$ cat run_23.cif   # mmCIF, C-alpha atoms
data_protein
#
loop_
_atom_site.group_PDB
_atom_site.id
_atom_site.type_symbol
_atom_site.label_atom_id
_atom_site.label_comp_id
_atom_site.auth_asym_id
_atom_site.auth_seq_id
_atom_site.Cartn_x
_atom_site.Cartn_y
_atom_site.Cartn_z
ATOM 1 C CA MET L 111 94.737 29.243 -130.875
ATOM 2 C CA SER L 112 95.197 31.416 -127.795
ATOM 3 C CA ASN L 113 92.489 29.349 -126.134
ATOM 4 C CA ALA L 114 94.436 26.157 -126.828
ATOM 5 C CA ILE L 115 97.586 27.592 -125.265
ATOM 6 C CA TYR L 116 95.545 28.795 -122.298
ATOM 7 C CA ALA L 117 93.976 25.378 -121.800
ATOM 8 C CA ALA L 118 97.339 23.635 -122.069
ATOM 9 C CA ALA L 119 98.830 25.963 -119.466
ATOM 10 C CA ARG L 120 96.012 25.380 -116.997
ATOM 11 C CA PRO L 121 97.204 23.004 -114.239
ATOM 12 C CA THR L 122 95.406 19.745 -113.488
ATOM 13 C CA PRO L 123 92.742 20.334 -110.827
ATOM 14 C CA ILE L 124 93.055 18.539 -107.479
ATOM 15 C CA PRO L 125 90.291 15.891 -107.309
ATOM 16 C CA VAL L 126 87.434 16.727 -104.938
ATOM 17 C CA ARG L 127 87.844 13.417 -103.052
ATOM 18 C CA GLU L 128 91.329 14.551 -101.982
ATOM 19 C CA ILE L 129 89.987 17.871 -100.702
ATOM 20 C CA LEU L 130 86.973 16.574 -98.725
ATOM 21 C CA PRO L 131 88.812 14.996 -95.756
ATOM 22 C CA TRP L 132 90.776 18.205 -95.284
ATOM 23 C CA LEU L 133 87.590 20.224 -95.566
ATOM 24 C CA ALA L 134 86.049 18.169 -92.752
ATOM 25 C CA PHE L 135 89.159 18.622 -90.587
ATOM 26 C CA GLY L 136 89.906 22.270 -91.424
ATOM 27 C CA GLY L 137 86.252 23.238 -91.594
ATOM 28 C CA ILE L 138 85.463 22.068 -88.058
ATOM 29 C CA LEU L 139 88.599 23.768 -86.727
ATOM 30 C CA ALA L 140 87.764 26.999 -88.558
ATOM 31 C CA LEU L 141 84.071 27.069 -87.615
ATOM 32 C CA LEU L 142 84.969 26.473 -83.966
ATOM 33 C CA SER L 143 87.469 29.367 -84.065
ATOM 34 C CA ILE L 144 84.953 31.695 -85.709
ATOM 35 C CA TYR L 145 82.353 30.648 -83.125
ATOM 36 C CA PHE L 146 84.644 31.493 -80.195
ATOM 37 C CA VAL L 147 85.696 34.832 -81.656
ATOM 38 C CA GLY L 148 82.249 35.783 -82.939
ATOM 39 C CA ALA L 149 79.506 34.343 -80.772
ATOM 40 C CA GLU L 150 80.641 32.510 -77.587
ATOM 41 C CA GLN L 151 79.251 34.067 -74.369
ATOM 42 C CA GLY L 152 77.144 36.328 -76.538
ATOM 43 C CA ALA L 153 74.215 34.789 -78.376
ATOM 44 C CA THR L 154 74.978 31.362 -76.845
ATOM 45 C CA ALA L 155 77.522 30.045 -74.367
ATOM 46 C CA LEU L 156 79.399 26.755 -73.968
ATOM 47 C CA ILE L 157 81.502 28.136 -71.138
ATOM 48 C CA SER L 158 79.851 30.211 -68.405
ATOM 49 C CA GLY L 159 81.011 33.702 -67.529
ATOM 50 C CA HIS L 160 82.078 36.660 -69.636
ATOM 51 C CA PHE L 161 85.826 36.288 -69.947
ATOM 52 C CA ILE L 162 85.997 35.145 -73.599
ATOM 53 C CA HIS L 163 83.428 37.740 -74.658
ATOM 54 C CA GLU L 164 85.289 40.502 -72.820
ATOM 55 C CA TYR L 165 88.695 39.351 -74.056
ATOM 56 C CA VAL L 166 87.774 39.357 -77.774
ATOM 57 C CA HIS L 167 85.361 42.302 -77.250
ATOM 58 C CA ASP L 168 86.971 44.870 -79.566
ATOM 59 C CA GLY L 169 87.754 42.294 -82.239
ATOM 60 C CA ARG L 170 84.196 41.015 -82.180
ATOM 61 C CA HIS L 171 82.833 44.544 -82.715
ATOM 62 C CA ILE L 172 85.246 45.544 -85.476
ATOM 63 C CA LEU L 173 84.834 42.201 -87.293
ATOM 64 C CA ALA L 174 81.097 43.053 -87.480
ATOM 65 C CA PHE L 175 79.761 40.222 -85.304
ATOM 66 C CA PRO L 176 76.579 41.191 -83.456
ATOM 67 C CA CYS L 177 77.469 42.040 -79.854
ATOM 68 C CA HIS L 178 75.738 43.181 -76.631
ATOM 69 C CA MET F 48 99.215 18.628 -101.020
ATOM 70 C CA VAL F 49 95.799 19.777 -99.799
ATOM 71 C CA GLY F 50 97.078 19.831 -96.221
ATOM 72 C CA GLY F 51 99.931 22.069 -97.349
ATOM 73 C CA LEU F 52 97.461 24.513 -98.913
ATOM 74 C CA LEU F 53 95.368 24.481 -95.713
ATOM 75 C CA LEU F 54 98.498 25.296 -93.700
ATOM 76 C CA ARG F 55 99.550 28.054 -96.118
ATOM 77 C CA GLY F 56 96.065 29.553 -95.878
ATOM 78 C CA MET F 57 96.171 29.533 -92.092
ATOM 79 C CA LEU F 58 99.650 31.118 -92.034
ATOM 80 C CA ALA F 59 98.670 33.825 -94.535
ATOM 81 C CA GLY F 60 95.451 34.292 -92.528
ATOM 82 C CA ILE F 61 97.301 34.805 -89.238
ATOM 83 C CA LEU F 62 99.488 37.428 -90.903
ATOM 84 C CA ALA F 63 96.414 39.041 -92.492
ATOM 85 C CA GLY F 64 94.672 39.060 -89.091
ATOM 86 C CA PHE F 65 97.691 40.779 -87.562
ATOM 87 C CA LEU F 66 97.655 43.493 -90.237
ATOM 88 C CA ALA F 67 93.859 43.874 -89.935
ATOM 89 C CA ALA F 68 94.206 44.339 -86.160
ATOM 90 C CA ALA F 69 96.976 46.895 -86.707
ATOM 91 C CA PHE F 70 94.671 48.774 -89.079
ATOM 92 C CA ALA F 71 91.821 48.501 -86.553
ATOM 93 C CA THR F 72 94.035 49.983 -83.832
ATOM 94 C CA PHE F 73 94.339 53.197 -85.815
ATOM 95 C CA ALA F 74 91.057 53.282 -87.729
ATOM 96 C CA GLY F 75 88.523 51.651 -85.396
ATOM 97 C CA GLU F 76 89.683 52.034 -81.804
ATOM 98 C CA PRO F 77 89.046 55.810 -81.560
ATOM 99 C CA SER F 78 85.359 55.307 -82.383
ATOM 100 C CA ILE F 79 85.116 52.307 -79.999
ATOM 101 C CA GLU F 80 86.470 54.506 -77.196
ATOM 102 C CA ARG F 81 83.983 57.268 -78.031
ATOM 103 C CA ALA F 82 81.124 54.753 -78.136
ATOM 104 C CA ILE F 83 82.123 53.399 -74.711
ATOM 105 C CA ALA F 84 82.236 56.968 -73.374
ATOM 106 C CA PHE F 85 78.711 57.494 -74.760
ATOM 107 C CA GLU F 86 77.540 54.242 -73.150
ATOM 108 C CA ALA F 87 79.019 55.246 -69.794
ATOM 109 C CA ALA F 88 77.409 58.693 -69.980
ATOM 110 C CA VAL F 89 73.985 57.151 -70.696
ATOM 111 C CA GLU F 90 74.357 54.669 -67.835
ATOM 112 C CA GLN F 91 75.366 57.468 -65.480
ATOM 113 C CA ALA F 92 72.455 59.684 -66.558
ATOM 114 C CA GLU F 93 70.035 56.811 -65.966
ATOM 115 C CA GLY F 94 71.632 56.103 -62.617
ATOM 116 C CA GLN F 95 72.614 52.536 -63.580
ATOM 117 C CA PRO F 96 75.745 51.093 -62.045
ATOM 118 C CA SER F 97 78.443 50.639 -64.695
ATOM 119 C CA GLU F 98 79.296 47.050 -65.661
ATOM 120 C CA PRO F 99 82.177 45.463 -63.766
ATOM 121 C CA GLU F 100 85.387 45.333 -65.783
ATOM 122 C CA ILE F 101 86.444 41.696 -66.223
ATOM 123 C CA VAL F 102 89.124 42.409 -68.818
ATOM 124 C CA SER F 103 90.726 45.847 -68.770
ATOM 125 C CA ARG F 104 90.192 48.219 -71.705
ATOM 126 C CA GLU F 105 93.960 48.201 -72.131
ATOM 127 C CA THR F 106 93.920 44.423 -72.779
ATOM 128 C CA GLN F 107 90.770 44.540 -74.919
ATOM 129 C CA ARG F 108 92.151 47.108 -77.332
ATOM 130 C CA SER F 109 95.618 45.539 -77.620
ATOM 131 C CA VAL F 110 96.214 41.806 -76.993
ATOM 132 C CA GLY F 111 92.488 40.971 -77.088
ATOM 133 C CA LEU F 112 91.951 42.676 -80.441
ATOM 134 C CA PHE F 113 95.050 41.082 -81.980
ATOM 135 C CA THR F 114 94.179 37.614 -80.635
ATOM 136 C CA ALA F 115 90.623 37.814 -81.967
ATOM 137 C CA ALA F 116 91.693 39.081 -85.386
ATOM 138 C CA MET F 117 94.483 36.509 -85.751
ATOM 139 C CA ILE F 118 92.249 33.561 -84.759
ATOM 140 C CA TYR F 119 89.610 34.845 -87.177
ATOM 141 C CA GLY F 120 92.325 35.266 -89.826
ATOM 142 C CA ALA F 121 93.570 31.709 -89.301
ATOM 143 C CA ALA F 122 90.011 30.355 -89.652
ATOM 144 C CA VAL F 123 89.174 32.389 -92.761
ATOM 145 C CA GLY F 124 92.626 31.579 -94.165
ATOM 146 C CA GLY F 125 92.056 27.840 -93.625
ATOM 147 C CA PHE F 126 88.848 27.975 -95.652
ATOM 148 C CA PHE F 127 90.686 30.115 -98.198
ATOM 149 C CA GLY F 128 93.432 27.517 -98.613
ATOM 150 C CA LEU F 129 90.856 24.778 -99.205
ATOM 151 C CA ALA F 130 88.901 26.977 -101.626
ATOM 152 C CA PHE F 131 92.178 27.551 -103.470
ATOM 153 C CA ALA F 132 92.832 23.774 -103.581
ATOM 154 C CA PHE F 133 89.492 23.426 -105.358
ATOM 155 C CA ALA F 134 89.775 26.519 -107.566
ATOM 156 C CA TYR F 135 93.355 26.071 -108.827
ATOM 157 C CA GLY F 136 93.123 24.524 -112.281
ATOM 158 C CA ARG F 137 89.366 25.090 -112.355
ATOM 159 C CA ILE F 138 89.259 28.907 -112.561
ATOM 160 C CA GLY F 139 91.874 31.296 -113.920
ATOM 161 C CA GLY F 140 95.303 30.495 -115.296
ATOM 162 C CA PRO F 141 98.428 28.717 -114.032
ATOM 163 C CA ASP F 142 99.749 31.580 -111.856
ATOM 164 C CA PRO F 143 98.727 30.767 -108.264
ATOM 165 C CA ARG F 144 99.030 34.453 -107.307
ATOM 166 C CA ALA F 145 96.321 35.438 -109.802
ATOM 167 C CA VAL F 146 93.983 32.633 -108.679
ATOM 168 C CA ALA F 147 94.540 33.640 -105.025
ATOM 169 C CA ALA F 148 93.814 37.283 -105.875
ATOM 170 C CA ILE F 149 90.540 36.385 -107.654
ATOM 171 C CA LEU F 150 89.503 34.197 -104.706
ATOM 172 C CA ALA F 151 90.345 36.946 -102.219
ATOM 173 C CA CYS F 152 88.173 39.435 -104.161
ATOM 174 C CA ALA F 153 85.313 36.932 -104.147
ATOM 175 C CA GLY F 154 85.843 36.232 -100.430
ATOM 176 C CA PHE F 155 85.928 39.917 -99.547
ATOM 177 C CA ILE F 156 82.686 40.560 -101.422
ATOM 178 C CA ALA F 157 80.839 37.462 -100.148
ATOM 179 C CA ILE F 158 82.080 37.356 -96.532
ATOM 180 C CA GLY F 159 83.351 40.856 -95.766
ATOM 181 C CA LEU F 160 81.222 43.283 -97.761
ATOM 182 C CA VAL F 161 77.730 41.876 -98.421
ATOM 183 C CA PRO F 162 76.814 40.711 -94.873
ATOM 184 C CA GLU F 163 78.001 44.068 -93.518
ATOM 185 C CA LEU F 164 75.914 46.017 -96.036
ATOM 186 C CA LYS F 165 72.791 44.266 -94.739
ATOM 187 C CA TYR F 166 73.786 44.053 -91.071
ATOM 188 C CA PRO F 167 76.425 46.751 -90.522
ATOM 189 C CA ALA F 168 79.002 46.472 -87.744
ATOM 190 C CA ASN F 169 77.989 48.249 -84.551
ATOM 191 C CA PRO F 170 80.233 49.847 -81.951
ATOM 192 C CA PRO F 171 79.580 49.278 -78.227
ATOM 193 C CA ALA F 172 76.415 50.974 -76.837
ATOM 194 C CA ILE F 173 74.321 49.786 -79.796
ATOM 195 C CA GLY F 174 72.129 46.701 -79.744
ATOM 196 C CA ALA F 175 69.648 45.256 -77.264
ATOM 197 C CA GLN F 176 70.619 42.182 -75.243
ATOM 198 C CA ASP F 177 67.286 40.424 -75.915
ATOM 199 C CA THR F 178 67.672 40.593 -79.717
ATOM 200 C CA LEU F 179 71.271 39.349 -79.703
ATOM 201 C CA GLY F 180 70.345 35.760 -80.587
ATOM 202 C CA ALA F 181 68.209 36.833 -83.537
ATOM 203 C CA ARG F 182 70.818 39.327 -84.741
ATOM 204 C CA THR F 183 73.583 36.750 -84.585
ATOM 205 C CA ALA F 184 71.474 34.199 -86.479
ATOM 206 C CA LEU F 185 70.472 36.733 -89.168
ATOM 207 C CA PHE F 186 74.077 37.860 -89.639
ATOM 208 C CA PHE F 187 75.250 34.292 -90.225
ATOM 209 C CA VAL F 188 72.254 33.498 -92.471
ATOM 210 C CA MET F 189 73.074 36.529 -94.637
ATOM 211 C CA MET F 190 76.728 35.434 -94.784
ATOM 212 C CA LEU F 191 75.754 31.868 -95.717
ATOM 213 C CA ILE F 192 73.404 33.061 -98.494
ATOM 214 C CA SER F 193 76.101 35.387 -99.783
ATOM 215 C CA VAL F 194 78.720 32.595 -99.865
ATOM 216 C CA LEU F 195 76.310 30.170 -101.569
ATOM 217 C CA ALA F 196 75.384 32.855 -104.128
ATOM 218 C CA MET F 197 79.080 33.385 -104.864
ATOM 219 C CA VAL F 198 79.674 29.626 -105.272
ATOM 220 C CA LEU F 199 76.656 29.349 -107.582
ATOM 221 C CA ALA F 200 77.763 32.367 -109.632
ATOM 222 C CA ALA F 201 81.200 30.759 -110.002
ATOM 223 C CA MET F 202 79.706 27.398 -111.001
ATOM 224 C CA ILE F 203 77.588 28.768 -113.870
ATOM 225 C CA GLY F 204 80.627 30.430 -115.470
ATOM 226 C CA GLU F 205 81.566 27.434 -117.573
ATOM 227 C CA THR F 206 78.011 27.066 -118.927
ATOM 228 C CA LEU F 207 77.640 30.785 -119.633
ATOM 229 C CA ARG F 208 80.830 30.768 -121.702
ATOM 230 C CA LEU F 209 79.150 28.402 -124.172
ATOM 231 C CA TRP F 210 76.928 31.314 -125.223
ATOM 232 C CA LEU F 211 78.842 34.434 -124.190
ATOM 233 C CA ASP F 212 82.421 35.611 -124.503
ATOM 234 C CA SER F 213 84.349 35.591 -121.231
ATOM 235 C CA TRP F 214 83.801 39.308 -120.514
ATOM 236 C CA ASN F 215 80.037 39.107 -120.861
ATOM 237 C CA ALA F 216 79.960 35.764 -119.037
ATOM 238 C CA ALA F 217 81.706 37.421 -116.064
ATOM 239 C CA LEU F 218 79.197 40.280 -116.162
ATOM 240 C CA ALA F 219 76.325 37.787 -116.180
ATOM 241 C CA GLN F 220 77.874 35.934 -113.228
ATOM 242 C CA ALA F 221 78.129 39.210 -111.295
ATOM 243 C CA ALA F 222 74.507 40.022 -112.139
ATOM 244 C CA VAL F 223 73.358 36.614 -110.874
ATOM 245 C CA PHE F 224 75.267 37.128 -107.603
ATOM 246 C CA ILE F 225 73.874 40.652 -107.090
ATOM 247 C CA ALA F 226 70.315 39.515 -107.868
ATOM 248 C CA MET F 227 70.526 36.669 -105.320
ATOM 249 C CA VAL F 228 72.047 38.663 -102.455
ATOM 250 C CA GLY F 229 69.826 41.639 -103.300
ATOM 251 C CA LEU F 230 66.737 39.463 -103.027
ATOM 252 C CA ALA F 231 67.956 37.952 -99.751
ATOM 253 C CA ALA F 232 68.685 41.404 -98.331
ATOM 254 C CA ARG F 233 65.209 42.535 -99.370
ATOM 255 C CA LEU F 234 63.484 39.546 -97.734
ATOM 256 C CA LEU F 235 65.464 39.312 -94.474
ATOM 257 C CA PRO F 236 64.307 41.674 -91.698
ATOM 258 C CA SER F 237 66.270 44.861 -91.122
ATOM 259 C CA ILE F 238 67.719 45.785 -87.736
ATOM 260 C CA ASP F 239 68.141 49.312 -86.489
ATOM 261 C CA GLU F 240 68.830 49.637 -82.775
ATOM 262 C CA VAL F 241 70.928 52.791 -82.875
ATOM 263 C CA PRO F 242 69.911 55.079 -79.975
ATOM 264 C CA ALA F 243 68.509 58.385 -81.278
ATOM 265 C CA SER F 244 71.200 60.390 -79.465
ATOM 266 C CA PHE F 245 74.154 58.254 -80.648
ATOM 267 C CA PRO F 246 76.668 60.489 -82.492
ATOM 268 C CA ALA F 247 76.324 59.854 -86.246
ATOM 269 C CA ASP F 248 79.972 60.542 -87.032
ATOM 270 C CA VAL F 249 81.160 57.889 -84.541
ATOM 271 C CA LEU F 250 78.792 55.343 -86.097
ATOM 272 C CA TRP F 251 79.937 56.257 -89.614
ATOM 273 C CA SER F 252 83.659 56.094 -88.862
ATOM 274 C CA PHE F 253 83.246 52.815 -86.959
ATOM 275 C CA ARG F 254 81.348 51.166 -89.825
ATOM 276 C CA VAL F 255 83.760 52.421 -92.476
ATOM 277 C CA SER F 256 86.692 51.158 -90.422
ATOM 278 C CA ALA F 257 84.988 47.747 -90.013
ATOM 279 C CA LEU F 258 84.777 47.505 -93.820
ATOM 280 C CA GLY F 259 88.392 48.656 -93.986
ATOM 281 C CA VAL F 260 89.412 45.870 -91.610
ATOM 282 C CA GLN F 261 87.828 43.352 -93.995
ATOM 283 C CA ALA F 262 89.551 44.974 -96.983
ATOM 284 C CA VAL F 263 92.953 44.783 -95.262
ATOM 285 C CA LEU F 264 92.327 41.213 -94.101
ATOM 286 C CA TRP F 265 91.307 39.876 -97.521
ATOM 287 C CA SER F 266 93.960 41.816 -99.457
ATOM 288 C CA ALA F 267 96.727 40.564 -97.174
ATOM 289 C CA LEU F 268 95.308 37.033 -97.217
ATOM 290 C CA GLY F 269 95.050 36.843 -101.015
ATOM 291 C CA LEU F 270 98.398 38.468 -101.749
ATOM 292 C CA GLY F 271 100.195 36.679 -98.903
ATOM 293 C CA PHE F 272 98.818 33.287 -99.861
ATOM 294 C CA GLY F 273 99.690 33.908 -103.509
ATOM 295 C CA ALA F 274 103.264 34.859 -102.654
ATOM 296 C CA LEU F 275 103.664 31.825 -100.351
ATOM 297 C CA THR F 276 102.324 29.438 -102.981
ATOM 298 C CA GLN F 277 104.474 30.988 -105.695
ATOM 299 C CA ALA F 278 107.604 30.727 -103.524
ATOM 300 C CA HIS F 279 106.846 27.147 -102.431
ATOM 301 C CA PRO F 280 105.065 25.528 -105.390
ATOM 302 C CA ILE F 281 102.366 22.928 -104.851
ATOM 303 C CA LYS F 282 103.905 19.457 -104.829
ATOM 304 C CA ARG F 283 102.196 17.002 -107.111
ATOM 305 C CA ARG F 284 102.169 13.298 -106.477
#
$ encode --input "run_23.cif" --output "structure tokens"
Amino acid sequence: MSNAIYAAARPTPIPVREILPWLAFGGILALLSIYFVGAEQGATALISGHFIHEYVHDGRHILAFPCH
Amino acid sequence: MVGGLLLRGMLAGILAGFLAAAFATFAGEPSIERAIAFEAAVEQAEGQPSEPEIVSRETQRSVGLFTAAMIYGAAVGGFFGLAFAFAYGRIGGPDPRAVAAILACAGFIAIGLVPELKYPANPPAIGAQDTLGARTALFFVMMLISVLAMVLAAMIGETLRLWLDSWNAALAQAAVFIAMVGLAARLLPSIDEVPASFPADVLWSFRVSALGVQAVLWSALGLGFGALTQAHPIKRR
């Protein structure tokens, strides 16, 4: 009985095929951001120099990304 | 609809990143400063020239910290919004705030807590330059395993409930997650590059504050996203 009410109240899920394009778009954006905050000019570098590393330095440490 | 959830996640994430950075200013910055002082003292004792300052400490601990945390928050929040788009209607009830809270707990455990238990956050002055690549790779591998284990544990819930009541099914899901990440943590190599003379209390307070930053970030993200989605309901086609 309570299960039936619960099931009726549960909203219709969003189909996976509607989520996937957004996952591709948002996922690339998000991974790129995490890369620049967490690893750029550290383990690897797309841009030469140390500015990005130095700028996000404290954040990178406190967010637990390996540094130095 | 999905785009709206992505946007909500990013907005809640930026706010969560701001709060996490504010927490870090009080909880983490003192130990970062002490670690830098230790580093400078070691360099001086060894007669090494200190590194040139490209970005001032003042900028690093204020704007730099907030920028980093808010970009990270936006990225994590974006993934969170998409995870919510998938989870809503598939786990939990009709209240978006409760689904967001469950997801935030799962995200905190899988992304914030577990990788840091295996590869704890380190303040400046710890870590060799030549192992940085390996350490970065291992950290992300541990995070990936942890996220996959969480997804798998969530996926078997439906099947487990055929045999178990929902309480015991949840316990079994937790056990499966712990077994998987525990095995991964056992198999992956450990890293300990803390100099013998590094003050233990600085290391402890830095690592606790790093976990605190994750706790603040995920709490604010889950609760903020839930409130946003409750206030502006998901539009259905």
$ residues_around --input "run_23.cif" --residues "Tyr166 in chain F" --least-positions-apart "5" --cutoff "12 Å" --atoms "only C-alpha atoms" --output "ChimeraX atom specification"
/L:173-177 /F:158-161,174,181-190,232,235-240,254,257-258
$ residues_around --input "run_23.cif" --residues "Ile225 in chain F" --least-positions-apart "5" --cutoff "10 Å" --atoms "only C-alpha atoms" --output "PyMOL selection string"
chain F and resi 161+193+196-197+200+219-220+230-231
$ interface_residues --input "run_23.cif" --of "chain F" --to "chain L" --cutoff "6 Å" --atoms "all atoms listed in the file" --output "ChimeraX atom specification"
/F:102,107,111-112,115-116,119,122,136,140-141,168,170,174,176,179-180,183,257
$ resolve_selection --input "run_23.cif" --expression "the PyMOL selection byres ((chain F and resi 67) around 8)" --output "ChimeraX atom specification"
/F:63-66,68-71,116,260-261,263-264
$ axis_aligned_box --input "run_23.cif" --around "range 119-134 of chain L" --padding-each-side "6 Å" --output "lines of an AutoDock Vina configuration file"
center_x = 92.4
center_y = 19.7
center_z = -106.1
size_x = 24.8
size_y = 24.5
size_z = 38.7
